[in-house]
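What follows is one structure encoded as structure tokens, with my remarks underneath.
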Amino acid sequence: MKLRLARRSLSGAVVVAVEGELDLFTAPFLRDEVRDAIKQDGAVLVLDLTSLSFMDSSGLSVLIEAWRLATSEGGGVTLAAPQAPVARILRTTGLDRRIKVYPDVDTAILRHPE
């Protein structure tokens, strides 16, 4: 599989680590994981992008959907540690102005909007 996901609870947030490539074929797996995480573990979500090497428009769509779902449930989404290619896409599309991006998971949790 081109995408690996790992979920854990940390300091009142649910952290989903995303590893590999997020594209048309793998985005549904993250979409399902995010929905399940918010339903089971709460709407304070941190997506750890440390090991995400590629993301296309399908991945951006999942991030937007995650943000909408989490905020509708009274929480929110933050992004942690995107690598340069992913950070560039977030900046180019302006998504980094909607969903806050932090250098690491701990900072993303500490500054998470609630």
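In the structure tokens, chains take letters A, B, ... by order of appearance, with residues numbered from 1 within each chain and ligands from 1 in the order shown.
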Exercise. Name the residues of chain A that fall into helix (DSSP H, G or I) according to DSSP on the backbone, using the chain letters and numbers of this document, as a PyMOL selection string.
Key: chain A and resi 27-41+57-72+84-93+95-98+105-110
Store the residues of this selection in a file with N, CA and C atoms, as a compact mmCIF listing (two decimals), in the first residue's frame.
```txt
# COMPACT_ATOMS: atom_id res chain seq x y z
N ALA A 27 -6.63 8.36 -0.93
CA ALA A 27 -7.42 9.34 -0.16
C ALA A 27 -8.63 8.72 0.55
N PRO A 28 -9.34 7.76 -0.06
CA PRO A 28 -10.49 7.17 0.65
C PRO A 28 -10.11 6.51 1.98
N PHE A 29 -8.90 5.97 2.07
CA PHE A 29 -8.46 5.35 3.32
C PHE A 29 -8.31 6.40 4.43
N LEU A 30 -7.71 7.55 4.09
CA LEU A 30 -7.59 8.62 5.08
C LEU A 30 -8.95 9.18 5.41
N ARG A 31 -9.80 9.35 4.43
CA ARG A 31 -11.15 9.87 4.67
C ARG A 31 -11.88 8.99 5.70
N ASP A 32 -11.82 7.67 5.50
CA ASP A 32 -12.48 6.75 6.43
C ASP A 32 -11.85 6.82 7.83
N GLU A 33 -10.53 6.90 7.88
CA GLU A 33 -9.83 6.97 9.17
C GLU A 33 -10.20 8.23 9.94
N VAL A 34 -10.26 9.36 9.23
CA VAL A 34 -10.61 10.63 9.87
C VAL A 34 -12.04 10.60 10.39
N ARG A 35 -12.96 10.12 9.58
CA ARG A 35 -14.36 10.02 10.02
C ARG A 35 -14.48 9.15 11.26
N ASP A 36 -13.81 8.01 11.24
CA ASP A 36 -13.85 7.08 12.36
C ASP A 36 -13.20 7.70 13.60
N ALA A 37 -12.07 8.37 13.42
CA ALA A 37 -11.37 8.99 14.55
C ALA A 37 -12.24 10.04 15.22
N ILE A 38 -12.88 10.88 14.43
CA ILE A 38 -13.73 11.94 14.99
C ILE A 38 -14.93 11.33 15.69
N LYS A 39 -15.52 10.31 15.09
CA LYS A 39 -16.69 9.66 15.69
C LYS A 39 -16.34 8.97 17.01
N GLN A 40 -15.21 8.26 17.04
CA GLN A 40 -14.86 7.45 18.21
C GLN A 40 -14.04 8.20 19.25
N ASP A 41 -13.14 9.08 18.80
CA ASP A 41 -12.16 9.66 19.72
C ASP A 41 -12.31 11.15 19.96
N SER A 57 -4.72 16.78 -5.32
CA SER A 57 -5.98 17.45 -5.01
C SER A 57 -6.95 16.55 -4.25
N SER A 58 -6.85 15.25 -4.44
CA SER A 58 -7.70 14.32 -3.68
C SER A 58 -7.37 14.39 -2.20
N GLY A 59 -6.10 14.51 -1.89
CA GLY A 59 -5.67 14.66 -0.49
C GLY A 59 -6.14 15.98 0.10
N LEU A 60 -6.05 17.05 -0.68
CA LEU A 60 -6.54 18.35 -0.22
C LEU A 60 -8.03 18.26 0.10
N SER A 61 -8.76 17.57 -0.73
CA SER A 61 -10.20 17.40 -0.51
C SER A 61 -10.47 16.70 0.82
N VAL A 62 -9.68 15.69 1.16
CA VAL A 62 -9.85 14.99 2.43
C VAL A 62 -9.55 15.92 3.60
N LEU A 63 -8.52 16.74 3.47
CA LEU A 63 -8.19 17.69 4.55
C LEU A 63 -9.33 18.67 4.78
N ILE A 64 -9.90 19.18 3.70
CA ILE A 64 -11.02 20.11 3.81
C ILE A 64 -12.22 19.42 4.45
N GLU A 65 -12.51 18.22 4.03
CA GLU A 65 -13.63 17.47 4.61
C GLU A 65 -13.39 17.21 6.10
N ALA A 66 -12.17 16.86 6.47
CA ALA A 66 -11.84 16.63 7.88
C ALA A 66 -12.07 17.90 8.69
N TRP A 67 -11.61 19.03 8.16
CA TRP A 67 -11.79 20.31 8.84
C TRP A 67 -13.28 20.61 9.03
N ARG A 68 -14.06 20.43 7.99
CA ARG A 68 -15.50 20.70 8.08
C ARG A 68 -16.18 19.80 9.10
N LEU A 69 -15.85 18.52 9.08
CA LEU A 69 -16.46 17.57 10.01
C LEU A 69 -16.06 17.88 11.45
N ALA A 70 -14.79 18.10 11.68
CA ALA A 70 -14.31 18.38 13.04
C ALA A 70 -14.90 19.67 13.59
N THR A 71 -14.95 20.72 12.77
CA THR A 71 -15.49 21.99 13.27
C THR A 71 -16.99 21.89 13.50
N SER A 72 -17.68 21.09 12.70
CA SER A 72 -19.13 20.92 12.91
C SER A 72 -19.41 20.16 14.20
N ALA A 84 8.49 19.56 2.63
CA ALA A 84 8.48 20.69 1.69
C ALA A 84 7.48 20.55 0.53
N PRO A 85 7.41 19.41 -0.16
CA PRO A 85 6.45 19.34 -1.28
C PRO A 85 5.00 19.50 -0.83
N VAL A 86 4.66 18.91 0.32
CA VAL A 86 3.29 19.00 0.84
C VAL A 86 3.03 20.42 1.36
N ALA A 87 3.99 20.99 2.07
CA ALA A 87 3.84 22.36 2.57
C ALA A 87 3.63 23.34 1.42
N ARG A 88 4.32 23.12 0.32
CA ARG A 88 4.19 23.98 -0.86
C ARG A 88 2.76 23.93 -1.40
N ILE A 89 2.18 22.76 -1.47
CA ILE A 89 0.80 22.61 -1.95
C ILE A 89 -0.16 23.32 -1.01
N LEU A 90 0.05 23.18 0.29
CA LEU A 90 -0.82 23.84 1.27
C LEU A 90 -0.75 25.36 1.10
N ARG A 91 0.46 25.88 0.91
CA ARG A 91 0.64 27.33 0.71
C ARG A 91 0.05 27.80 -0.61
N THR A 92 0.33 27.08 -1.68
CA THR A 92 -0.13 27.47 -3.02
C THR A 92 -1.64 27.54 -3.09
N THR A 93 -2.30 26.59 -2.46
CA THR A 93 -3.77 26.55 -2.49
C THR A 93 -4.41 27.45 -1.45
N LEU A 95 -4.70 26.65 1.64
CA LEU A 95 -5.31 25.84 2.68
C LEU A 95 -4.64 26.06 4.04
N ASP A 96 -3.37 26.47 4.02
CA ASP A 96 -2.67 26.73 5.28
C ASP A 96 -3.22 27.96 5.99
N ARG A 97 -4.06 28.75 5.33
CA ARG A 97 -4.71 29.87 6.00
C ARG A 97 -6.02 29.43 6.67
N ARG A 98 -6.56 28.31 6.22
CA ARG A 98 -7.80 27.76 6.79
C ARG A 98 -7.48 26.77 7.90
N VAL A 105 4.06 17.78 16.17
CA VAL A 105 2.79 17.34 16.76
C VAL A 105 2.54 18.03 18.09
N ASP A 106 3.55 18.12 18.94
CA ASP A 106 3.35 18.74 20.26
C ASP A 106 2.85 20.17 20.15
N THR A 107 3.42 20.95 19.25
CA THR A 107 2.99 22.33 19.06
C THR A 107 1.58 22.37 18.47
N ALA A 108 1.28 21.46 17.55
CA ALA A 108 -0.06 21.40 16.96
C ALA A 108 -1.11 21.12 18.04
N ILE A 109 -0.80 20.24 18.98
CA ILE A 109 -1.74 19.95 20.07
C ILE A 109 -1.86 21.14 21.01
N LEU A 110 -0.73 21.72 21.38
CA LEU A 110 -0.70 22.84 22.31
C LEU A 110 -1.50 24.04 21.79
```
Quiz item: How would you write, as a ChimeraX atom specification, the set of residues in chain A that DSSP gives as strand (DSSP E)?
Solution: /A:3-10,13-22,44-55,76-80,101-102
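Atom pair CA of Val14 (chain A) / CA of Val46 (chain A): separated by 6.2 Å.
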Which residues are close to Pro82 (chain A), i.e. within 8 Å by only C-alpha atoms, leaving aside same-chain residues fewer than 4 positions away? Reply as a PDB file with N, CA, C and O atoms, in the first residue's frame.
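out28.pdb, written as the output of this step:
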```pdb
ATOM      1  N   ASP A  48      -0.593  14.278  11.499  1.00  0.00           N
ATOM      2  CA  ASP A  48       0.869  14.296  11.505  1.00  0.00           C
ATOM      3  C   ASP A  48       1.351  13.947  10.099  1.00  0.00           C
ATOM      4  O   ASP A  48       1.260  12.806   9.665  1.00  0.00           O
ATOM      5  N   LEU A  49       1.871  14.945   9.401  1.00  0.00           N
ATOM      6  CA  LEU A  49       2.278  14.789   8.003  1.00  0.00           C
ATOM      7  C   LEU A  49       3.781  14.601   7.840  1.00  0.00           C
ATOM      8  O   LEU A  49       4.306  14.702   6.729  1.00  0.00           O
ATOM      9  N   THR A  50       4.463  14.304   8.928  1.00  0.00           N
ATOM     10  CA  THR A  50       5.917  14.157   8.911  1.00  0.00           C
ATOM     11  C   THR A  50       6.398  13.235   7.793  1.00  0.00           C
ATOM     12  O   THR A  50       7.391  13.521   7.126  1.00  0.00           O
ATOM     13  N   SER A  51       5.698  12.124   7.600  1.00  0.00           N
ATOM     14  CA  SER A  51       6.146  11.109   6.631  1.00  0.00           C
ATOM     15  C   SER A  51       5.286  11.052   5.376  1.00  0.00           C
ATOM     16  O   SER A  51       5.327  10.069   4.634  1.00  0.00           O
ATOM     17  N   LEU A  52       4.523  12.113   5.130  1.00  0.00           N
ATOM     18  CA  LEU A  52       3.739  12.190   3.902  1.00  0.00           C
ATOM     19  C   LEU A  52       4.620  12.784   2.811  1.00  0.00           C
ATOM     20  O   LEU A  52       5.047  13.932   2.907  1.00  0.00           O
ATOM     21  N   VAL A  86       4.658  18.907   0.317  1.00  0.00           N
ATOM     22  CA  VAL A  86       3.288  19.002   0.836  1.00  0.00           C
ATOM     23  C   VAL A  86       3.027  20.417   1.362  1.00  0.00           C
ATOM     24  O   VAL A  86       1.967  20.995   1.107  1.00  0.00           O
ATOM     25  N   ALA A  87       3.990  20.990   2.067  1.00  0.00           N
ATOM     26  CA  ALA A  87       3.837  22.360   2.572  1.00  0.00           C
ATOM     27  C   ALA A  87       3.632  23.341   1.420  1.00  0.00           C
ATOM     28  O   ALA A  87       2.835  24.276   1.523  1.00  0.00           O
ATOM     29  N   VAL A 101      -0.955  25.142  10.388  1.00  0.00           N
ATOM     30  CA  VAL A 101       0.150  24.213  10.200  1.00  0.00           C
ATOM     31  C   VAL A 101       1.229  24.534  11.226  1.00  0.00           C
ATOM     32  O   VAL A 101       1.605  25.700  11.392  1.00  0.00           O
ATOM     33  N   PRO A 103       5.098  23.099  13.231  1.00  0.00           N
ATOM     34  CA  PRO A 103       6.319  22.354  12.911  1.00  0.00           C
ATOM     35  C   PRO A 103       6.379  20.944  13.494  1.00  0.00           C
ATOM     36  O   PRO A 103       7.173  20.122  13.037  1.00  0.00           O
TER      37      PRO A 103
END
```
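A straight line drawn from CA of Gly12 (chain A) to CA of Ile99 (chain A) is 18.6 Å long.
Minimum distance to Met55 (chain A) across A:Val16, A:Ala43, A:Lys2, A:Arg7 (counting only C-alpha atoms) occurs at A:Lys2.
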Practice problem: Would you mind telling me which residue in A:Ser53, A:Val44, A:Ala81, A:Gly76 lies nearest to Ala13 (chain A) when using only C-alpha atoms? | Solution: A:Val44
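Each of A:Gly42, A:Glu21, A:Phe54, A:Arg111 was compared to Gly74 (chain A) using only C-alpha atoms, and A:Gly42 turns out to be the nearest.
With distances restricted to only C-alpha atoms, A:Leu45 is the closest residue to Leu10 (chain A) from A:Gly94, A:Leu45, A:Glu73, A:Ala80.
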